[in-house]
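Next up, entry_39.tsv (TSV, C-alpha atoms):
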```tsv
chain	number	residue	atom	x	y	z
A	1	MET	CA	59.29	81.48	70.76
A	2	ALA	CA	56.35	79.21	71.31
A	3	CYS	CA	56.03	78.18	74.93
A	4	VAL	CA	57.09	74.60	74.33
A	5	ASP	CA	59.18	72.87	76.95
A	6	SER	CA	62.30	72.17	74.93
A	7	THR	CA	64.05	70.71	77.95
A	8	LEU	CA	61.82	67.67	77.79
A	9	THR	CA	61.99	67.00	74.08
A	10	ASN	CA	63.93	68.12	71.06
A	11	GLU	CA	60.80	68.06	68.95
A	12	ARG	CA	58.46	71.03	68.97
A	13	VAL	CA	55.30	69.25	69.95
A	14	PRO	CA	52.38	71.68	70.31
A	15	LEU	CA	50.99	71.78	73.82
A	16	PRO	CA	47.28	71.91	74.64
A	17	PHE	CA	46.04	75.50	74.60
A	18	GLU	CA	45.70	75.82	78.37
A	19	ASP	CA	49.13	74.33	79.11
A	20	ASP	CA	50.81	76.48	76.48
A	21	ALA	CA	49.10	79.59	77.83
A	22	LEU	CA	50.08	78.78	81.42
A	23	ARG	CA	53.71	78.20	80.45
A	24	CYS	CA	53.79	81.77	79.13
A	25	LEU	CA	52.52	83.23	82.39
A	26	ASP	CA	55.89	84.48	83.66
A	27	ASP	CA	56.64	86.03	80.26
A	28	VAL	CA	53.27	87.76	80.12
A	29	ALA	CA	53.66	88.91	83.74
A	30	ARG	CA	57.04	90.42	82.87
A	31	PHE	CA	55.68	92.12	79.76
A	32	ALA	CA	52.72	93.48	81.71
A	33	ARG	CA	55.07	94.81	84.38
A	34	SER	CA	57.11	96.55	81.69
A	35	LEU	CA	53.98	98.25	80.42
A	36	THR	CA	52.31	99.23	83.68
A	37	ARG	CA	55.39	99.50	85.95
A	38	ALA	CA	53.14	98.72	88.94
A	39	PRO	CA	52.85	95.14	90.26
A	40	ASP	CA	49.14	95.30	91.13
A	41	ASP	CA	48.19	96.91	87.82
A	42	ALA	CA	50.35	94.35	86.03
A	43	ASP	CA	48.56	91.43	87.69
A	44	ASP	CA	45.18	92.88	86.72
A	45	LEU	CA	46.44	93.32	83.17
A	46	VAL	CA	47.64	89.70	83.08
A	47	GLN	CA	44.29	88.44	84.33
A	48	GLU	CA	42.41	90.47	81.74
A	49	THR	CA	44.82	89.24	79.06
A	50	TYR	CA	44.10	85.61	79.89
A	51	LEU	CA	40.37	86.24	80.12
A	52	ARG	CA	40.35	87.72	76.61
A	53	ALA	CA	42.65	85.01	75.34
A	54	LEU	CA	40.23	82.34	76.57
A	55	ARG	CA	37.31	84.15	74.99
A	56	SER	CA	39.07	84.39	71.64
A	57	ARG	CA	40.87	81.07	71.71
A	58	HIS	CA	39.12	80.15	68.44
A	59	THR	CA	41.42	82.68	66.71
A	60	TRP	CA	44.58	80.96	67.98
A	61	LYS	CA	46.19	78.47	65.63
A	62	GLU	CA	47.57	75.35	67.28
A	63	GLY	CA	51.34	75.27	67.08
A	64	SER	CA	51.67	79.02	66.54
A	65	ASP	CA	53.56	81.35	68.83
A	66	MET	CA	51.50	81.52	72.02
A	67	ARG	CA	53.76	84.05	73.70
A	68	ARG	CA	53.52	86.46	70.78
A	69	TRP	CA	49.74	86.03	70.67
A	70	LEU	CA	49.39	86.73	74.40
A	71	PHE	CA	51.75	89.71	74.20
A	72	THR	CA	49.58	91.17	71.43
A	73	ILE	CA	46.43	90.75	73.52
A	74	CYS	CA	48.21	92.19	76.56
A	75	LYS	CA	49.34	95.21	74.58
A	76	ASN	CA	45.83	95.78	73.21
A	77	VAL	CA	44.25	95.55	76.65
A	78	PHE	CA	46.81	97.93	78.06
A	79	LEU	CA	46.31	100.50	75.31
A	80	ARG	CA	42.54	100.24	75.55
A	81	VAL	CA	42.67	100.86	79.28
A	82	HIS	CA	44.95	103.81	78.92
A	83	GLU	CA	43.20	105.16	75.83
A	84	ARG	CA	46.42	106.57	74.57
A	85	ALA	CA	46.71	104.83	71.25
A	86	ARG	CA	44.80	107.55	69.46
A	87	ASP	CA	47.35	110.11	70.63
A	88	GLN	CA	50.18	108.10	69.17
A	89	VAL	CA	49.88	108.68	65.46
A	90	ALA	CA	51.81	110.75	62.95
A	91	LEU	CA	54.69	111.44	65.27
A	92	ASP	CA	57.22	108.96	63.98
A	93	ASP	CA	60.59	110.19	62.91
A	94	ASP	CA	62.97	109.47	60.11
A	95	PRO	CA	64.93	106.34	61.14
A	96	THR	CA	68.04	107.48	59.29
A	97	ASN	CA	68.15	110.75	61.19
A	98	GLU	CA	67.69	108.87	64.44
A	99	THR	CA	70.57	106.54	63.60
A	100	LEU	CA	72.83	109.46	62.81
A	101	ALA	CA	71.74	111.20	66.01
A	102	ALA	CA	72.85	108.16	68.02
A	103	VAL	CA	76.28	108.40	66.44
A	104	LEU	CA	76.42	112.13	67.15
A	105	LEU	CA	75.61	111.42	70.79
A	106	HIS	CA	78.49	108.99	70.95
A	107	SER	CA	80.81	111.56	69.38
A	108	ALA	CA	79.76	114.09	72.01
A	109	LEU	CA	80.48	111.58	74.76
A	110	VAL	CA	83.90	110.81	73.30
A	111	ALA	CA	84.65	114.52	73.27
A	112	SER	CA	83.66	114.83	76.94
A	113	GLY	CA	85.46	111.63	77.96
A	114	GLU	CA	82.24	109.85	78.90
A	115	HIS	CA	82.08	107.25	76.15
A	116	GLU	CA	82.58	104.32	78.54
A	117	LEU	CA	79.54	105.17	80.67
A	118	PHE	CA	77.52	102.20	79.49
A	119	ASP	CA	80.26	99.86	80.66
A	120	ARG	CA	80.23	101.38	84.13
A	121	ILE	CA	76.68	102.13	85.22
A	122	SER	CA	74.40	99.65	86.97
A	123	ALA	CA	72.08	98.47	84.25
A	124	ALA	CA	68.80	97.36	85.73
A	125	ASP	CA	67.88	100.41	87.79
A	126	ALA	CA	69.15	102.88	85.23
A	127	ILE	CA	67.30	101.26	82.35
A	128	ALA	CA	64.11	100.90	84.38
A	129	ALA	CA	64.20	104.57	85.32
A	130	ALA	CA	64.96	105.64	81.76
A	131	LEU	CA	62.30	103.38	80.28
A	132	ALA	CA	59.71	104.73	82.70
A	133	GLU	CA	60.19	108.18	81.24
A	134	LEU	CA	59.35	107.05	77.71
A	135	THR	CA	55.80	107.15	76.36
A	136	GLU	CA	54.09	103.83	75.66
A	137	ARG	CA	54.77	103.77	71.93
A	138	PHE	CA	58.51	104.05	72.51
A	139	ARG	CA	58.61	101.84	75.60
A	140	MET	CA	56.72	99.02	73.93
A	141	VAL	CA	59.04	98.75	70.97
A	142	VAL	CA	62.15	98.71	73.18
A	143	VAL	CA	60.62	96.04	75.39
A	144	LEU	CA	59.62	93.86	72.44
A	145	VAL	CA	62.80	94.17	70.37
A	146	ASP	CA	65.60	94.94	72.82
A	147	MET	CA	64.39	93.04	75.86
A	148	GLU	CA	62.17	90.26	74.54
A	149	GLY	CA	64.21	89.64	71.39
A	150	TYR	CA	61.56	89.96	68.68
A	151	ASN	CA	62.68	91.08	65.23
A	152	TYR	CA	61.23	94.17	63.53
A	153	GLU	CA	58.67	92.16	61.60
A	154	ASP	CA	57.27	90.33	64.64
A	155	ALA	CA	57.17	93.55	66.63
A	156	ALA	CA	55.31	95.25	63.76
A	157	THR	CA	52.75	92.44	63.73
A	158	MET	CA	52.24	92.66	67.47
A	159	LEU	CA	52.01	96.44	67.52
A	160	GLU	CA	49.87	96.44	64.36
A	161	VAL	CA	52.04	99.06	62.67
A	162	PRO	CA	54.27	98.94	59.55
A	163	VAL	CA	57.85	97.69	59.92
A	164	GLY	CA	59.07	101.19	59.04
A	165	THR	CA	57.21	102.55	62.03
A	166	VAL	CA	58.85	100.00	64.30
A	167	ARG	CA	62.26	101.06	63.00
A	168	SER	CA	61.64	104.77	63.44
A	169	ARG	CA	60.14	104.35	66.92
A	170	LEU	CA	62.89	101.97	67.99
A	171	PHE	CA	65.72	104.17	66.81
A	172	ARG	CA	64.17	107.24	68.41
A	173	ALA	CA	63.48	105.35	71.63
A	174	ARG	CA	67.08	104.15	71.81
A	175	ARG	CA	68.35	107.68	71.41
A	176	LEU	CA	66.00	108.95	74.11
A	177	LEU	CA	67.07	106.09	76.38
A	178	GLN	CA	70.73	106.86	75.81
A	179	GLU	CA	70.23	110.51	76.65
A	180	ARG	CA	68.43	109.58	79.86
A	181	LEU	CA	71.10	107.02	80.75
A	182	VAL	CA	73.77	109.65	80.30
A	183	GLU	CA	71.87	111.95	82.64
A	184	HIS	CA	71.44	109.10	85.09
A	185	ALA	CA	75.15	108.28	84.97
A	186	ARG	CA	76.04	111.91	85.60
A	187	ASP	CA	73.62	112.05	88.51
A	188	ALA	CA	75.32	108.95	89.87
A	189	GLY	CA	78.64	110.73	89.87
A	190	PHE	CA	80.16	110.04	86.48
A	191	THR	CA	80.72	113.72	85.82
A	192	GLY	CA	81.68	115.30	82.56
A	193	ALA	CA	80.71	117.97	80.11
A	194	ARG	CA	77.07	118.08	79.14
A	195	VAL	CA	75.92	116.72	75.81
A	196	THR	CA	75.99	119.48	73.26
A	197	PRO	CA	72.52	121.02	72.82
A	198	SER	CA	72.53	120.40	69.08
A	199	VAL	CA	72.43	116.65	69.70
A	200	ARG	CA	69.33	116.82	71.85
A	201	THR	CA	66.24	117.16	69.74
A	202	THR	CA	63.47	116.21	72.17
B	1	MET	CA	81.78	70.09	36.63
B	2	THR	CA	79.13	72.03	38.53
B	3	ALA	CA	79.08	75.79	38.59
B	4	GLN	CA	80.00	77.34	41.93
B	5	PRO	CA	77.37	79.73	43.33
B	6	THR	CA	78.60	83.28	42.87
B	7	MET	CA	78.82	85.38	46.01
B	8	LEU	CA	77.87	89.01	45.55
B	9	GLU	CA	80.79	91.34	45.98
B	10	PRO	CA	79.99	93.67	48.90
B	11	PRO	CA	79.92	97.38	48.06
B	12	VAL	CA	82.67	99.59	49.47
B	13	LEU	CA	81.08	101.85	52.07
B	14	ASP	CA	82.26	105.20	53.38
B	15	CYS	CA	81.75	106.24	57.01
B	16	GLU	CA	78.41	107.94	56.48
B	17	GLN	CA	76.98	105.01	54.54
B	18	THR	CA	78.19	102.67	57.25
B	19	VAL	CA	76.72	104.51	60.23
B	20	ARG	CA	73.37	104.75	58.45
B	21	LEU	CA	73.27	100.96	58.66
B	22	LEU	CA	74.27	100.88	62.32
B	23	TRP	CA	71.04	99.71	63.97
B	24	ASP	CA	69.98	97.43	61.13
B	25	TYR	CA	73.42	95.80	61.34
B	26	LEU	CA	73.38	95.37	65.12
B	27	ASP	CA	69.80	94.07	64.96
B	28	GLN	CA	70.80	91.54	62.28
B	29	GLN	CA	68.29	92.93	59.83
B	30	LEU	CA	70.67	93.41	56.89
B	31	PRO	CA	71.15	91.17	53.86
B	32	GLU	CA	74.35	89.15	54.03
B	33	VAL	CA	76.10	91.23	51.36
B	34	ASP	CA	75.55	94.41	53.38
B	35	VAL	CA	76.76	92.71	56.56
B	36	ARG	CA	80.00	91.88	54.80
B	37	ALA	CA	80.27	95.45	53.52
B	38	VAL	CA	79.86	96.84	57.06
B	39	ASP	CA	82.28	94.27	58.48
B	40	GLN	CA	84.85	95.26	55.89
B	41	HIS	CA	84.47	98.96	56.67
B	42	LEU	CA	84.71	98.37	60.43
B	43	LEU	CA	87.93	96.46	59.97
B	44	GLU	CA	89.42	99.44	58.19
B	45	CYS	CA	87.88	102.22	60.29
B	46	LYS	CA	89.23	101.37	63.72
B	47	THR	CA	89.27	104.86	65.19
B	48	ARG	CA	85.93	106.21	64.02
B	49	CYS	CA	83.17	103.79	63.01
B	50	ALA	CA	84.33	100.73	64.96
B	51	PRO	CA	84.12	102.59	68.31
B	52	HIS	CA	80.64	103.90	67.37
B	53	PHE	CA	79.42	100.39	66.71
B	54	ALA	CA	81.06	99.01	69.85
B	55	PHE	CA	79.42	101.75	71.92
B	56	GLU	CA	75.95	101.02	70.50
B	57	HIS	CA	76.50	97.28	70.88
B	58	ALA	CA	77.33	97.81	74.56
B	59	PHE	CA	74.17	99.88	74.90
B	60	LEU	CA	72.01	97.11	73.41
B	61	GLU	CA	73.63	94.55	75.71
B	62	LEU	CA	72.91	96.82	78.65
B	63	VAL	CA	69.24	97.10	77.72
B	64	HIS	CA	68.88	93.39	77.09
B	65	THR	CA	70.45	92.38	80.38
B	66	ALA	CA	68.18	94.84	82.18
B	67	ARG	CA	65.11	92.80	81.26
B	68	PRO	CA	63.23	92.57	84.55
B	69	ARG	CA	63.11	89.19	86.24
B	70	VAL	CA	59.44	88.74	86.95
B	71	ILE	CA	57.94	85.51	88.23
B	72	ALA	CA	54.17	85.37	88.38
B	73	SER	CA	53.09	85.28	92.02
B	74	ASP	CA	51.19	82.29	93.39
B	75	THR	CA	48.17	84.55	93.72
B	76	LEU	CA	48.29	85.56	90.08
B	77	ARG	CA	48.89	81.97	88.99
B	78	ALA	CA	45.85	80.88	91.00
B	79	ARG	CA	43.74	83.64	89.43
B	80	VAL	CA	44.70	82.57	85.93
B	81	ARG	CA	44.17	78.88	86.71
B	82	ALA	CA	40.72	79.72	88.04
B	83	LEU	CA	39.92	81.52	84.78
B	84	ILE	CA	41.03	78.54	82.75
B	85	GLU	CA	39.08	76.08	84.89
B	86	ALA	CA	35.97	78.24	84.69
B	87	ASP	CA	36.35	78.37	80.92
B	88	GLN	CA	36.77	74.60	80.71
B	89	HIS	CA	33.73	74.08	82.94
B	90	GLU	CA	31.68	76.46	80.78
B	91	SER	CA	32.81	74.69	77.62
B	92	SER	CA	31.93	71.24	78.90
B	93	ALA	CA	28.54	72.44	80.22
B	94	GLY	CA	27.81	74.00	76.83
B	95	ALA	CA	28.77	70.79	75.06
B	96	GLN	CA	26.49	68.73	77.31
B	97	SER	CA	23.52	71.02	76.74
B	98	HIS	CA	23.88	70.49	72.99
B	99	GLU	CA	23.84	66.70	73.31
```
Now, as a test, write the supplied structure out as structure tokens.
Amino acid sequence: MACVDSTLTNERVPLPFEDDALRCLDDVARFARSLTRAPDDADDLVQETYLRALRSRHTWKEGSDMRRWLFTICKNVFLRVHERARDQVALDDDPTNETLAAVLLHSALVASGEHELFDRISAADAIAAALAELTERFRMVVVLVDMEGYNYEDAATMLEVPVGTVRSRLFRARRLLQERLVEHARDAGFTGARVTPSVRTT
Amino acid sequence: MTAQPTMLEPPVLDCEQTVRLLWDYLDQQLPEVDVRAVDQHLLECKTRCAPHFAFEHAFLELVHTARPRVIASDTLRARVRALIEADQHESSAGAQSHE
């Protein structure tokens, strides 16, 4: 996912640092928007990200993944500003339980006749609203893996946590997102029985 | 005659074993032998596990397609370019002072 213009050449020729960084600007702006959810704050975060990237350019290896490097800096700046990282430890859940909970949620929706909700609701607004309700540690992992397409290992490197933590946060975040999407869909008029309380563990 | 590489026989999974692998399977994080084991179970479990997996797959598609379309504004682009130019100017001035 290096920011190399593959439309111009089939070979992955490393770009000069500045050009490579500039090519990632839209990606970094999108990532910053996902974190801050406010356009002005996002632009400030992007500017600070590039400032720090320029100051620490000696740590960047030519030919490596510029986008991933900038995302990592962006995430660090964001967390530092919000000073929430220290509150985000020791709360990760068992990924297996989270996986099973997702299946239980689906079973509950089948029972209430709502299992086709995700095929019917308008995605962008619903996801944005549901994502906004998640805390940073859950939102970041969904953005990196489910939206930006990074695998668990890359996300773990960027978030500076073990792969197991990425899995547990991701699976929990997906369940929380699904529950909020179901609520959103019901609010939008897709009525049905409520999810059984035993499924909801938040 | 060369020996053919042996392909591991996938284990036979029950429903609980299969759903435990749900996210790892959909995220393409499983070894090939486990992928085949899940595929095999899904082929045979059309009324229970296959709908679960289809539901979660639809959910992941929904999230992925909801990725916001953000284009950096001209103002932001100008701010970042200014940073880069200032950095380049600083670097070249530093280099000259060392000559």
| Hey, which of B:Asp27, B:Glu90, B:Asp39, B:Glu32 ends up closest to chain A? Count all atoms listed in the file. |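 Residue with the minimum atom-to-atom distance to chain A: B:Asp27.
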How close does each residue of chain A get to chain B, giving the shortest atom pair and distance in Å to one decimal for every residue with an atom at most 6 Å away, counting only C-alpha atoms, sorted by chain and residue number, as a Markdown table?
```
| residue | atom | partner | partner_atom | distance |
| --- | --- | --- | --- | --- |
| A:Asp26 | CA | B:Ala72 | CA | 5.1 |
| A:Ala29 | CA | B:Ala72 | CA | 5.9 |
| A:Arg30 | CA | B:Val70 | CA | 5.0 |
| A:Ala123 | CA | B:Ala66 | CA | 5.7 |
| A:Ala124 | CA | B:Ala66 | CA | 4.4 |
| A:Asp146 | CA | B:His64 | CA | 5.6 |
| A:Met147 | CA | B:His64 | CA | 4.7 |
```
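Proximity ranking of A:Glu48, A:Arg67, A:Leu105, A:Leu54 relative to Arg80 (chain A) places A:Glu48 first, based on all atoms listed in the file.
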| field | Distance in Å - CA of Arg174 (chain A) versus CA of Leu25 (chain A) | value | 27.6 Å
| query | At what distance in Å, to one decimal, does CA of Asp27 (chain A) lie from CA of His82 (chain A)? | reply | 21.3 Å
| request: Between CA of Asp94 (chain A) and CA of Cys15 (chain B), measure the distance and give it in Å to one decimal. | output: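 Interatomic distance here is 19.3 Å.
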Padding of 5 Å on every side, edges along x, y and z, all listed atoms of region 135-146 of chain A included: what centre and edge lengths in Å, to one decimal, does that box have, as JSON?
```
{"center_x": 59.8, "center_y": 100.5, "center_z": 73.4, "size_x": 21.5, "size_y": 23.3, "size_z": 16.0}
```
Given the block above, output region 12-56 of chain B with C-alpha atoms as a PDB file, in the first residue's frame.
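Result saved to part_39.pdb:
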```pdb
ATOM      1  CA  VAL B  12     -14.117 -32.154   9.724  1.00  0.00           C
ATOM      2  CA  LEU B  13     -15.641 -29.292  11.692  1.00  0.00           C
ATOM      3  CA  ASP B  14     -18.898 -29.161  13.597  1.00  0.00           C
ATOM      4  CA  CYS B  15     -21.016 -25.993  13.761  1.00  0.00           C
ATOM      5  CA  GLU B  16     -19.439 -24.610  16.917  1.00  0.00           C
ATOM      6  CA  GLN B  17     -15.905 -25.146  15.646  1.00  0.00           C
ATOM      7  CA  THR B  18     -16.861 -23.469  12.388  1.00  0.00           C
ATOM      8  CA  VAL B  19     -18.430 -20.337  13.847  1.00  0.00           C
ATOM      9  CA  ARG B  20     -15.413 -19.860  16.108  1.00  0.00           C
ATOM     10  CA  LEU B  21     -13.416 -19.354  12.916  1.00  0.00           C
ATOM     11  CA  LEU B  22     -15.948 -16.953  11.412  1.00  0.00           C
ATOM     12  CA  TRP B  23     -14.040 -13.664  11.525  1.00  0.00           C
ATOM     13  CA  ASP B  24     -10.633 -15.181  10.853  1.00  0.00           C
ATOM     14  CA  TYR B  25     -12.144 -16.885   7.805  1.00  0.00           C
ATOM     15  CA  LEU B  26     -13.854 -13.768   6.467  1.00  0.00           C
ATOM     16  CA  ASP B  27     -10.700 -11.722   7.116  1.00  0.00           C
ATOM     17  CA  GLN B  28      -8.610 -14.291   5.214  1.00  0.00           C
ATOM     18  CA  GLN B  29      -6.412 -14.932   8.220  1.00  0.00           C
ATOM     19  CA  LEU B  30      -6.718 -18.730   8.270  1.00  0.00           C
ATOM     20  CA  PRO B  31      -4.252 -21.308   6.962  1.00  0.00           C
ATOM     21  CA  GLU B  32      -5.374 -22.871   3.694  1.00  0.00           C
ATOM     22  CA  VAL B  33      -6.258 -26.204   5.314  1.00  0.00           C
ATOM     23  CA  ASP B  34      -8.658 -24.476   7.722  1.00  0.00           C
ATOM     24  CA  VAL B  35     -10.202 -22.478   4.883  1.00  0.00           C
ATOM     25  CA  ARG B  36     -10.986 -25.725   3.110  1.00  0.00           C
ATOM     26  CA  ALA B  37     -12.413 -27.176   6.315  1.00  0.00           C
ATOM     27  CA  VAL B  38     -14.737 -24.166   6.752  1.00  0.00           C
ATOM     28  CA  ASP B  39     -15.694 -24.228   3.066  1.00  0.00           C
ATOM     29  CA  GLN B  40     -16.587 -27.893   3.361  1.00  0.00           C
ATOM     30  CA  HIS B  41     -18.726 -27.310   6.446  1.00  0.00           C
ATOM     31  CA  LEU B  42     -20.528 -24.352   4.847  1.00  0.00           C
ATOM     32  CA  LEU B  43     -21.397 -26.460   1.830  1.00  0.00           C
ATOM     33  CA  GLU B  44     -23.059 -28.984   4.096  1.00  0.00           C
ATOM     34  CA  CYS B  45     -24.626 -26.592   6.611  1.00  0.00           C
ATOM     35  CA  LYS B  46     -26.852 -24.524   4.361  1.00  0.00           C
ATOM     36  CA  THR B  47     -29.523 -23.607   6.883  1.00  0.00           C
ATOM     37  CA  ARG B  48     -27.420 -22.724   9.911  1.00  0.00           C
ATOM     38  CA  CYS B  49     -23.770 -21.765   9.449  1.00  0.00           C
ATOM     39  CA  ALA B  50     -23.906 -20.628   5.817  1.00  0.00           C
ATOM     40  CA  PRO B  51     -26.520 -17.926   6.602  1.00  0.00           C
ATOM     41  CA  HIS B  52     -24.429 -16.768   9.596  1.00  0.00           C
ATOM     42  CA  PHE B  53     -21.386 -16.345   7.405  1.00  0.00           C
ATOM     43  CA  ALA B  54     -23.371 -14.645   4.640  1.00  0.00           C
ATOM     44  CA  PHE B  55     -24.828 -12.212   7.174  1.00  0.00           C
ATOM     45  CA  GLU B  56     -21.403 -11.300   8.577  1.00  0.00           C
TER      46      GLU B  56
END
```
